[in-house]
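Visitor: Next comes the structure file input_8.pdb, holding PDB, C-alpha atoms.
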```
ATOM      1  CA  MET A   1     -23.076 172.787  66.077
ATOM      2  CA  SER A   2     -24.520 171.353  69.283
ATOM      3  CA  LYS A   3     -27.917 171.971  70.874
ATOM      4  CA  ASP A   4     -29.363 170.301  73.956
ATOM      5  CA  ASN A   5     -32.592 171.658  75.417
ATOM      6  CA  LEU A   6     -32.866 169.416  78.482
ATOM      7  CA  VAL A   7     -29.936 167.963  80.424
ATOM      8  CA  SER A   8     -31.717 167.235  83.720
ATOM      9  CA  LEU A   9     -35.287 166.731  84.886
ATOM     10  CA  GLU A  10     -36.627 166.610  88.431
ATOM     11  CA  ARG A  11     -38.568 163.398  89.032
ATOM     12  CA  VAL A  12     -41.673 163.301  91.231
ATOM     13  CA  ASP A  13     -43.228 159.965  90.222
ATOM     14  CA  ILE A  14     -41.345 156.681  89.887
ATOM     15  CA  LYS A  15     -44.248 154.259  90.338
ATOM     16  CA  TYR A  16     -47.447 155.276  88.596
ATOM     17  CA  PHE A  17     -47.099 156.496  85.012
ATOM     18  CA  GLY A  18     -45.809 154.462  82.070
ATOM     19  CA  CYS A  19     -42.907 155.755  79.975
ATOM     20  CA  TYR A  20     -44.726 158.250  77.741
ATOM     21  CA  LYS A  21     -46.886 159.860  80.414
ATOM     22  CA  THR A  22     -43.918 159.930  82.790
ATOM     23  CA  GLN A  23     -42.048 162.017  80.219
ATOM     24  CA  LEU A  24     -45.101 164.142  79.408
ATOM     25  CA  TYR A  25     -45.861 164.888  83.070
ATOM     26  CA  HIS A  26     -42.328 165.777  84.105
ATOM     27  CA  TYR A  27     -41.478 167.770  80.979
ATOM     28  CA  ILE A  28     -44.621 169.918  81.079
ATOM     29  CA  ARG A  29     -44.006 170.424  84.791
ATOM     30  CA  HIS A  30     -40.433 171.458  83.941
ATOM     31  CA  VAL A  31     -41.571 174.191  81.524
ATOM     32  CA  GLY A  32     -43.671 175.706  84.303
ATOM     33  CA  LEU A  33     -47.251 174.779  83.438
ATOM     34  CA  PRO A  34     -49.550 173.632  86.303
ATOM     35  CA  ILE A  35     -49.861 170.001  85.220
ATOM     36  CA  ASP A  36     -49.995 168.884  88.873
ATOM     37  CA  LEU A  37     -53.570 170.191  88.973
ATOM     38  CA  LEU A  38     -54.518 167.621  86.324
ATOM     39  CA  LEU A  39     -53.845 164.786  88.790
ATOM     40  CA  TYR A  40     -57.403 165.078  90.146
ATOM     41  CA  ASN A  41     -58.253 161.580  88.826
ATOM     42  CA  VAL A  42     -54.954 159.848  89.630
ATOM     43  CA  TYR A  43     -56.544 158.019  92.582
ATOM     44  CA  GLU A  44     -57.075 154.559  91.101
ATOM     45  CA  SER A  45     -59.727 152.071  92.142
ATOM     46  CA  THR A  46     -57.969 148.963  93.444
ATOM     47  CA  ASP A  47     -60.710 146.986  91.666
ATOM     48  CA  ASN A  48     -59.338 148.194  88.318
ATOM     49  CA  ILE A  49     -55.771 147.316  89.275
ATOM     50  CA  LEU A  50     -56.893 143.887  90.472
ATOM     51  CA  SER A  51     -58.702 143.212  87.195
ATOM     52  CA  HIS A  52     -56.000 144.487  84.831
ATOM     53  CA  ILE A  53     -52.754 143.500  86.540
ATOM     54  CA  LEU A  54     -53.226 140.721  89.097
ATOM     55  CA  HIS A  55     -56.085 138.829  87.439
ATOM     56  CA  GLY A  56     -55.275 139.979  83.894
ATOM     57  CA  LYS A  57     -51.563 139.219  84.396
ATOM     58  CA  LYS A  58     -50.324 142.364  82.712
ATOM     59  CA  PRO A  59     -47.399 144.550  83.854
ATOM     60  CA  SER A  60     -48.045 147.872  85.556
ATOM     61  CA  TRP A  61     -46.658 149.892  82.631
ATOM     62  CA  SER A  62     -49.418 148.511  80.375
ATOM     63  CA  TYR A  63     -52.170 149.949  82.579
ATOM     64  CA  ARG A  64     -54.078 152.712  80.760
ATOM     65  CA  THR A  65     -54.714 155.485  83.242
ATOM     66  CA  ALA A  66     -57.366 158.103  82.502
ATOM     67  CA  CYS A  67     -55.072 160.747  83.977
ATOM     68  CA  LEU A  68     -53.471 163.366  81.676
ATOM     69  CA  GLU A  69     -55.684 162.672  78.688
ATOM     70  CA  GLU A  70     -55.979 165.146  75.815
ATOM     71  CA  ALA A  71     -59.110 166.944  77.046
ATOM     72  CA  ASP A  72     -57.532 167.691  80.415
ATOM     73  CA  LEU A  73     -54.204 168.758  78.922
ATOM     74  CA  SER A  74     -56.097 171.382  76.928
ATOM     75  CA  LEU A  75     -57.164 172.979  80.228
ATOM     76  CA  ILE A  76     -53.590 174.169  80.733
ATOM     77  CA  GLY A  77     -53.048 174.993  77.065
ATOM     78  CA  VAL A  78     -51.094 171.846  76.181
ATOM     79  CA  ARG A  79     -51.573 170.054  72.878
ATOM     80  CA  ILE A  80     -49.839 166.846  71.776
ATOM     81  CA  GLU A  81     -49.191 166.344  68.068
ATOM     82  CA  ASN A  82     -48.618 162.791  66.836
ATOM     83  CA  VAL A  83     -46.405 162.668  63.745
ATOM     84  CA  SER A  84     -46.121 159.477  61.683
ATOM     85  CA  CYS A  85     -42.921 159.309  59.643
ATOM     86  CA  SER A  86     -42.215 157.229  56.553
ATOM     87  CA  ASN A  87     -38.617 156.600  57.606
ATOM     88  CA  TYR A  88     -35.886 157.592  60.039
ATOM     89  CA  LEU A  89     -34.557 160.470  57.926
ATOM     90  CA  ASP A  90     -38.004 162.076  57.894
ATOM     91  CA  GLY A  91     -38.084 161.669  61.665
ATOM     92  CA  LEU A  92     -34.710 163.401  62.038
ATOM     93  CA  THR A  93     -36.020 166.377  60.062
ATOM     94  CA  VAL A  94     -38.964 166.751  62.450
ATOM     95  CA  ILE A  95     -36.685 166.315  65.472
ATOM     96  CA  GLN A  96     -34.259 168.985  64.236
ATOM     97  CA  ASN A  97     -37.089 171.452  63.683
ATOM     98  CA  GLU A  98     -38.460 170.952  67.212
ATOM     99  CA  ILE A  99     -35.033 171.136  68.852
ATOM    100  CA  ASP A 100     -34.330 174.366  66.962
ATOM    101  CA  GLN A 101     -37.506 175.780  68.543
ATOM    102  CA  GLY A 102     -36.164 174.993  72.020
ATOM    103  CA  LYS A 103     -38.367 171.940  72.622
ATOM    104  CA  VAL A 104     -37.901 168.189  73.020
ATOM    105  CA  VAL A 105     -39.532 165.269  71.188
ATOM    106  CA  SER A 106     -40.927 161.963  72.451
ATOM    107  CA  MET A 107     -39.794 159.170  70.110
ATOM    108  CA  HIS A 108     -41.385 155.732  69.878
ATOM    109  CA  CYS A 109     -38.766 152.963  69.818
ATOM    110  CA  ASP A 110     -38.184 149.246  69.994
ATOM    111  CA  ALA A 111     -36.203 148.780  73.231
ATOM    112  CA  PHE A 112     -34.385 145.803  71.677
ATOM    113  CA  PHE A 113     -32.090 148.353  70.004
ATOM    114  CA  LEU A 114     -31.455 150.684  72.986
ATOM    115  CA  PRO A 115     -28.006 149.988  74.525
ATOM    116  CA  HIS A 116     -28.701 151.878  77.777
ATOM    117  CA  ARG A 117     -31.498 149.426  78.665
ATOM    118  CA  PRO A 118     -29.455 146.214  79.170
ATOM    119  CA  TRP A 119     -32.435 144.180  80.403
ATOM    120  CA  ASP A 120     -34.066 144.629  76.963
ATOM    121  CA  PHE A 121     -31.120 145.373  74.645
ATOM    122  CA  GLU A 122     -30.809 142.543  72.110
ATOM    123  CA  LYS A 123     -33.202 140.499  74.287
ATOM    124  CA  ASN A 124     -36.783 141.818  74.201
ATOM    125  CA  HIS A 125     -38.778 143.562  71.488
ATOM    126  CA  LEU A 126     -40.791 145.943  73.688
ATOM    127  CA  PHE A 127     -42.182 149.312  72.654
ATOM    128  CA  HIS A 128     -40.856 152.280  74.599
ATOM    129  CA  PHE A 129     -40.752 156.085  74.407
ATOM    130  CA  ILE A 130     -37.632 158.172  74.958
ATOM    131  CA  LEU A 131     -37.156 161.946  74.933
ATOM    132  CA  VAL A 132     -34.893 163.410  72.271
ATOM    133  CA  THR A 133     -33.503 166.568  73.857
ATOM    134  CA  GLY A 134     -30.857 167.768  71.390
ATOM    135  CA  TYR A 135     -28.480 167.007  68.557
ATOM    136  CA  GLU A 136     -25.032 167.662  67.136
ATOM    137  CA  SER A 137     -24.644 168.466  63.464
ATOM    138  CA  PHE A 138     -21.839 168.985  60.974
ATOM    139  CA  HIS A 139     -22.879 171.358  58.204
ATOM    140  CA  THR A 140     -26.497 170.202  57.644
ATOM    141  CA  ASP A 141     -26.147 166.574  58.750
ATOM    142  CA  ILE A 142     -27.150 165.438  62.241
ATOM    143  CA  HIS A 143     -24.585 162.926  63.474
ATOM    144  CA  ARG A 144     -25.444 162.648  67.181
ATOM    145  CA  LEU A 145     -28.620 162.722  69.268
ATOM    146  CA  TYR A 146     -28.991 163.611  72.933
ATOM    147  CA  VAL A 147     -31.720 161.627  74.650
ATOM    148  CA  MET A 148     -33.256 161.278  78.093
ATOM    149  CA  ASP A 149     -34.906 158.150  79.487
ATOM    150  CA  ASP A 150     -36.930 157.472  82.633
ATOM    151  CA  MET A 151     -34.562 155.155  84.431
ATOM    152  CA  TYR A 152     -34.606 154.422  88.177
ATOM    153  CA  PRO A 153     -34.755 156.417  90.372
ATOM    154  CA  GLY A 154     -34.353 159.448  88.090
ATOM    155  CA  PHE A 155     -33.995 160.446  84.453
ATOM    156  CA  SER A 156     -30.728 159.627  82.705
ATOM    157  CA  HIS A 157     -29.138 161.539  79.837
ATOM    158  CA  TYR A 158     -27.267 159.899  76.951
ATOM    159  CA  ALA A 159     -25.484 160.867  73.734
ATOM    160  CA  TYR A 160     -25.590 158.458  70.790
ATOM    161  CA  GLU A 161     -24.432 158.429  67.225
ATOM    162  CA  THR A 162     -27.499 158.990  65.055
ATOM    163  CA  SER A 163     -27.159 155.567  63.442
ATOM    164  CA  VAL A 164     -27.867 153.848  66.785
ATOM    165  CA  PHE A 165     -31.520 154.901  66.664
ATOM    166  CA  LYS A 166     -32.306 153.950  63.079
ATOM    167  CA  ASP A 167     -33.363 150.371  63.860
ATOM    168  CA  ALA A 168     -34.975 151.384  67.167
ATOM    169  CA  PHE A 169     -37.155 153.933  65.351
ATOM    170  CA  GLU A 170     -37.972 151.924  62.242
ATOM    171  CA  HIS A 171     -38.852 148.796  64.240
ATOM    172  CA  GLY A 172     -41.180 150.897  66.376
ATOM    173  CA  ARG A 173     -44.254 152.711  65.108
ATOM    174  CA  LYS A 174     -42.146 155.394  63.366
ATOM    175  CA  GLU A 175     -43.998 157.885  65.521
ATOM    176  CA  LEU A 176     -42.970 161.141  67.172
ATOM    177  CA  ARG A 177     -44.980 163.091  69.724
ATOM    178  CA  LEU A 178     -44.526 166.847  69.805
ATOM    179  CA  PHE A 179     -45.386 169.108  72.716
ATOM    180  CA  HIS A 180     -47.163 172.418  72.105
ATOM    181  CA  TRP A 181     -48.465 174.927  74.601
ATOM    182  CA  ASP A 182     -50.519 177.529  72.820
ATOM    183  CA  LYS A 183     -51.988 179.652  75.604
ATOM    184  CA  GLN A 184     -51.827 180.458  79.296
ATOM    185  CA  PRO A 185     -54.095 178.468  81.661
ATOM    186  CA  PRO A 186     -57.368 180.233  82.519
ATOM    187  CA  GLU A 187     -57.604 182.251  85.732
ATOM    188  CA  ASN A 188     -60.417 179.997  86.980
ATOM    189  CA  LEU A 189     -58.355 176.806  86.541
ATOM    190  CA  ASN A 190     -58.510 175.880  90.239
ATOM    191  CA  THR A 191     -62.294 176.201  90.246
ATOM    192  CA  CYS A 192     -62.522 174.079  87.101
ATOM    193  CA  ILE A 193     -60.304 171.388  88.635
ATOM    194  CA  GLN A 194     -62.333 171.372  91.851
ATOM    195  CA  GLY A 195     -65.400 170.671  89.725
ATOM    196  CA  LYS A 196     -63.661 167.808  87.926
ATOM    197  CA  PHE A 197     -62.450 166.404  91.248
ATOM    198  CA  SER A 198     -66.034 166.467  92.527
ATOM    199  CA  GLU A 199     -67.377 164.813  89.373
ATOM    200  CA  PHE A 200     -64.682 162.120  89.486
ATOM    201  CA  PHE A 201     -65.467 161.050  93.040
ATOM    202  CA  SER A 202     -69.227 161.226  92.574
ATOM    203  CA  SER A 203     -68.949 158.107  90.389
ATOM    204  CA  PHE A 204     -65.877 156.526  92.025
ATOM    205  CA  SER A 205     -66.266 152.879  93.044
ATOM    206  CA  ASP A 206     -63.852 150.597  94.897
ATOM    207  CA  THR A 207     -64.694 147.502  96.950
ATOM    208  CA  LEU A 208     -61.094 147.305  98.261
ATOM    209  CA  LYS A 209     -61.293 143.518  97.927
ATOM    210  CA  PHE A 210     -57.795 143.726  96.446
ATOM    211  CA  TYR A 211     -56.301 143.602  99.939
ATOM    212  CA  ASP A 212     -58.200 140.463 100.911
ATOM    213  CA  ILE A 213     -57.231 138.740  97.661
ATOM    214  CA  ALA A 214     -53.590 139.813  98.035
ATOM    215  CA  ASN A 215     -53.561 138.286 101.509
ATOM    216  CA  GLN A 216     -55.187 135.073 100.294
ATOM    217  CA  VAL A 217     -52.591 134.683  97.521
ATOM    218  CA  ILE A 218     -49.910 134.565 100.228
ATOM    219  CA  LYS A 219     -51.798 132.989 103.139
ATOM    220  CA  ASP A 220     -53.209 130.106 101.091
ATOM    221  CA  LYS A 221     -49.891 129.747  99.241
ATOM    222  CA  VAL A 222     -51.644 130.102  95.882
ATOM    223  CA  PHE A 223     -48.401 131.545  94.514
ATOM    224  CA  LEU A 224     -46.727 128.153  94.923
ATOM    225  CA  GLU A 225     -48.956 126.826  92.139
ATOM    226  CA  ASP A 226     -48.565 129.932  89.950
ATOM    227  CA  SER A 227     -45.259 131.704  90.520
ATOM    228  CA  SER A 228     -46.233 134.607  88.246
ATOM    229  CA  LEU A 229     -48.713 135.807  90.890
ATOM    230  CA  ILE A 230     -45.883 137.203  93.010
ATOM    231  CA  TYR A 231     -44.691 139.372  90.115
ATOM    232  CA  TYR A 232     -48.165 140.690  89.303
ATOM    233  CA  LEU A 233     -48.968 141.258  92.968
ATOM    234  CA  GLU A 234     -45.786 143.327  93.323
ATOM    235  CA  GLN A 235     -46.696 145.271  90.149
ATOM    236  CA  SER A 236     -50.201 145.937  91.500
ATOM    237  CA  VAL A 237     -48.961 147.205  94.852
ATOM    238  CA  HIS A 238     -46.358 149.363  93.086
ATOM    239  CA  ILE A 239     -48.878 151.271  90.969
ATOM    240  CA  ILE A 240     -51.408 151.689  93.800
ATOM    241  CA  SER A 241     -48.672 153.188  95.973
ATOM    242  CA  GLY A 242     -47.770 155.636  93.209
ATOM    243  CA  SER A 243     -51.426 156.547  92.774
ATOM    244  CA  ARG A 244     -51.828 157.445  96.464
ATOM    245  CA  TYR A 245     -48.577 159.404  96.558
ATOM    246  CA  LEU A 246     -49.453 161.465  93.476
ATOM    247  CA  PHE A 247     -52.970 162.145  94.718
ATOM    248  CA  ALA A 248     -51.505 163.552  97.936
ATOM    249  CA  HIS A 249     -49.272 165.690  95.699
ATOM    250  CA  PHE A 250     -52.374 166.944  93.858
ATOM    251  CA  LEU A 251     -54.208 167.855  97.074
ATOM    252  CA  LYS A 252     -51.158 169.770  98.303
ATOM    253  CA  LYS A 253     -51.313 171.893  95.147
ATOM    254  CA  LEU A 254     -54.909 172.863  95.963
ATOM    255  CA  ASP A 255     -53.449 174.449  99.115
ATOM    256  CA  GLU A 256     -56.533 174.087 101.306
ATOM    257  CA  PRO A 257     -56.207 173.340 105.062
ATOM    258  CA  ARG A 258     -59.188 170.956 105.011
ATOM    259  CA  TYR A 259     -57.138 168.464 102.991
ATOM    260  CA  ALA A 260     -54.254 168.274 105.496
ATOM    261  CA  SER A 261     -55.529 165.162 107.286
ATOM    262  CA  VAL A 262     -56.279 163.159 104.152
ATOM    263  CA  ILE A 263     -52.922 164.153 102.621
ATOM    264  CA  ALA A 264     -51.149 162.699 105.655
ATOM    265  CA  GLN A 265     -53.213 159.518 105.393
ATOM    266  CA  LEU A 266     -52.524 159.160 101.662
ATOM    267  CA  LEU A 267     -48.786 159.455 102.274
ATOM    268  CA  ALA A 268     -49.030 156.926 105.103
ATOM    269  CA  CYS A 269     -50.958 154.598 102.786
ATOM    270  CA  SER A 270     -48.308 154.910 100.079
ATOM    271  CA  GLY A 271     -45.635 154.128 102.669
ATOM    272  CA  LEU A 272     -47.466 151.012 103.866
ATOM    273  CA  LEU A 273     -47.911 149.871 100.283
ATOM    274  CA  ASP A 274     -44.171 150.251  99.755
ATOM    275  CA  LYS A 275     -43.681 148.083 102.845
ATOM    276  CA  LEU A 276     -46.096 145.505 101.422
ATOM    277  CA  LYS A 277     -44.154 145.496  98.153
ATOM    278  CA  VAL A 278     -40.916 144.763 100.026
ATOM    279  CA  MET A 279     -42.623 141.910 101.870
ATOM    280  CA  VAL A 280     -43.986 140.455  98.620
ATOM    281  CA  LEU A 281     -40.501 140.493  97.098
ATOM    282  CA  LEU A 282     -39.127 138.922 100.278
ATOM    283  CA  ILE A 283     -41.738 136.172  99.993
ATOM    284  CA  GLN A 284     -40.418 135.438  96.508
ATOM    285  CA  ASN A 285     -36.859 135.165  97.845
ATOM    286  CA  ARG A 286     -37.956 132.952 100.738
ATOM    287  CA  LYS A 287     -39.897 130.736  98.335
ATOM    288  CA  GLU A 288     -36.734 130.134  96.361
ATOM    289  CA  GLN A 289     -35.119 129.027  99.643
ATOM    290  CA  GLY A 290     -37.991 126.633 100.323
ATOM    291  CA  LYS A 291     -39.517 128.781 103.091
ATOM    292  CA  GLN A 292     -43.001 130.288 103.354
ATOM    293  CA  ASP A 293     -43.066 132.013 106.722
ATOM    294  CA  ILE A 294     -44.115 135.613 106.000
ATOM    295  CA  ASP A 295     -47.595 136.804 106.979
ATOM    296  CA  ILE A 296     -49.111 139.957 105.441
ATOM    297  CA  THR A 297     -52.555 139.620 107.081
ATOM    298  CA  ASP A 298     -52.179 142.503 109.546
ATOM    299  CA  LEU A 299     -50.675 144.804 106.946
ATOM    300  CA  CYS A 300     -53.443 144.091 104.424
ATOM    301  CA  ARG A 301     -56.102 144.679 107.080
ATOM    302  CA  LYS A 302     -54.472 147.967 108.074
ATOM    303  CA  LEU A 303     -54.362 149.071 104.438
ATOM    304  CA  PHE A 304     -58.012 148.147 103.909
ATOM    305  CA  GLU A 305     -59.092 150.188 106.930
ATOM    306  CA  LEU A 306     -56.899 153.142 106.001
ATOM    307  CA  GLU A 307     -58.124 153.191 102.403
ATOM    308  CA  ALA A 308     -61.767 152.912 103.479
ATOM    309  CA  GLY A 309     -61.315 155.958 105.708
ATOM    310  CA  ILE A 310     -59.513 157.900 102.990
ATOM    311  CA  GLN A 311     -62.213 157.197 100.427
ATOM    312  CA  GLN A 312     -64.944 158.269 102.840
ATOM    313  CA  GLN A 313     -63.150 161.564 103.465
ATOM    314  CA  LEU A 314     -62.555 162.140  99.758
ATOM    315  CA  ARG A 315     -66.233 161.642  98.987
ATOM    316  CA  ILE A 316     -67.115 164.201 101.658
ATOM    317  CA  CYS A 317     -64.504 166.641 100.318
ATOM    318  CA  SER A 318     -65.743 166.203  96.751
ATOM    319  CA  ARG A 319     -69.320 166.997  97.803
ATOM    320  CA  ILE A 320     -68.161 170.165  99.549
ATOM    321  CA  THR A 321     -66.562 171.437  96.338
ATOM    322  CA  ARG A 322     -69.814 171.339  94.379
TER     323      ARG A 322
END
```
In structure tokens, how does this file's structure come out?
Guide:
Amino acid sequence: MSKDNLVSLERVDIKYFGCYKTQLYHYIRHVGLPIDLLLYNVYESTDNILSHILHGKKPSWSYRTACLEEADLSLIGVRIENVSCSNYLDGLTVIQNEIDQGKVVSMHCDAFFLPHRPWDFEKNHLFHFILVTGYESFHTDIHRLYVMDDMYPGFSHYAYETSVFKDAFEHGRKELRLFHWDKQPPENLNTCIQGKFSEFFSSFSDTLKFYDIANQVIKDKVFLEDSSLIYYLEQSVHIISGSRYLFAHFLKKLDEPRYASVIAQLLACSGLLDKLKVMVLLIQNRKEQGKQDIDITDLCRKLFELEAGIQQQLRICSRITR
């Protein structure tokens, strides 16, 4: 017998969320619940990104966003159940039960044991979540799992013999996350989200000094003394770009003409950040060739000015919603 509840998944975000929330966001969106309205707080302060990633020297996927937390998920009737298993066989029992109900399961793994991730497979012990979407069984024994992973630029689907995941699961946290949606979203959901949007921006703070520091890292050739700065700068720019793109996506869902201008500016900002990311990567390549001739001063200044204008407009919009 073969069951597979999810063979493809449309991808909206490729820059902002880490593995688990990427899967959560896109799967709940796939089943038709209005999770896009929960992106009201996806607009990140560049100060936080500067502190955690560039200064803290941590990769973008380790950043803990406040977006899509449990309290907000409950607004659209979604509940996440964390299941700790004693061993892999117990995990397979839970997985089979969820698949039989037409759902999928998020499984915590050690990427060292995942063959479809060659950059980590048998190289790096890094924790990762994958979606288990189905299984094949013979009599009562599951002998194959269907899984989906957030690769680039979209989700990829794989079929593995069950034994492949035993070490991946048991070297992880032996944890499964189950998705439940118990009720329909309330009729006043949009009004509730507008209130949360207003509350979020009433306390929002961002000096935008990130752009000046990013420019100084390149202009003063600080990266020549610490080569890791290029990597963390690229990671910082990557997540900020995703934040601006997804926030534009959120405002579109509100479907109000007064947001049209700021949506266009957010998309332009995300595009400029993507350009900055390309330039940062080019700087790394030029450095390896012994050249340092790329200037990002004008681009950083343009981004600072654009972001300052966007944040001013968002504060005005958030006050109007009260």
Visitor: Identify, on the basis of only C-alpha atoms, every residue whose closest approach to segment 252-258 of chain A does not exceed 8 Å; exclude the query and any residue fewer than 4 positions from it along the same chain; express the result as a ChimeraX atom specification.
Guide: /A:36-37,190,248,263
Visitor: Take the PyMOL selection byres ((chain A and resi 54) around 7), apply it to the structure above, and return the hits as a ChimeraX atom specification.
Guide: /A:50-53,55-57,229,232-233,236
Visitor: Rank A:Glu199, A:Glu307, A:Asp293, A:Glu187 by their smallest atom-to-atom distance to Ile76 of chain A, using all atoms listed in the file, and report the top residue only.
Guide: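 Nearest to Ile76 of chain A: A:Glu187.
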Visitor: Do you know which residues the PyMOL selection byres ((chain A and resi 153-165) around 10) returns on this file, as a PyMOL selection string?
Guide: chain A and resi 6-15+23+26+88+92+107+109-110+113-116+131-136+141-152+166-171
Visitor: Care to translate the PyMOL selection byres ((chain A and resi 65-75) around 6) into actual residues of this file, as a list in words?
Guide: Asn41, Val42, Arg64, Ile76, Gly77 and Val78 of chain A
Visitor: Please compute the atom CA of Tyr259 of chain A-atom CA of Leu246 of chain A distance, one decimal, in Å.
Guide: 14.1 Å
Visitor: When you look at Asp295 of chain A with a cut-off of 8 Å (counting all atoms listed in the file), what residues show up, excluding the ones that are within fewer than 2 positions of it in the same chain? I need them as a PyMOL selection string.
Guide: chain A and resi 218-219+293+297-298
Visitor: Return the single residue from A:Cys85, A:Leu306, A:Leu281, A:Ile35 that is closest to Lys174 of chain A, with distances computed using all atoms listed in the file.
Guide: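 Between A:Cys85, A:Leu306, A:Leu281, A:Ile35, the residue approaching Lys174 of chain A most closely is A:Cys85.
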Visitor: Go ahead and find all residues with at least one atom no further than 7 Å from (-46.9, 161.2, 69.7) in the file's coordinates, using only C-alpha atoms; report them as a ChimeraX atom specification.
Guide: /A:80-83,106,175-178
Visitor: For Ala308 of chain A, which residue among A:Tyr231, A:Ser205, A:Ala264, A:Val222 is the nearest when counting only C-alpha atoms?
Guide: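 Closest candidate: A:Ser205.
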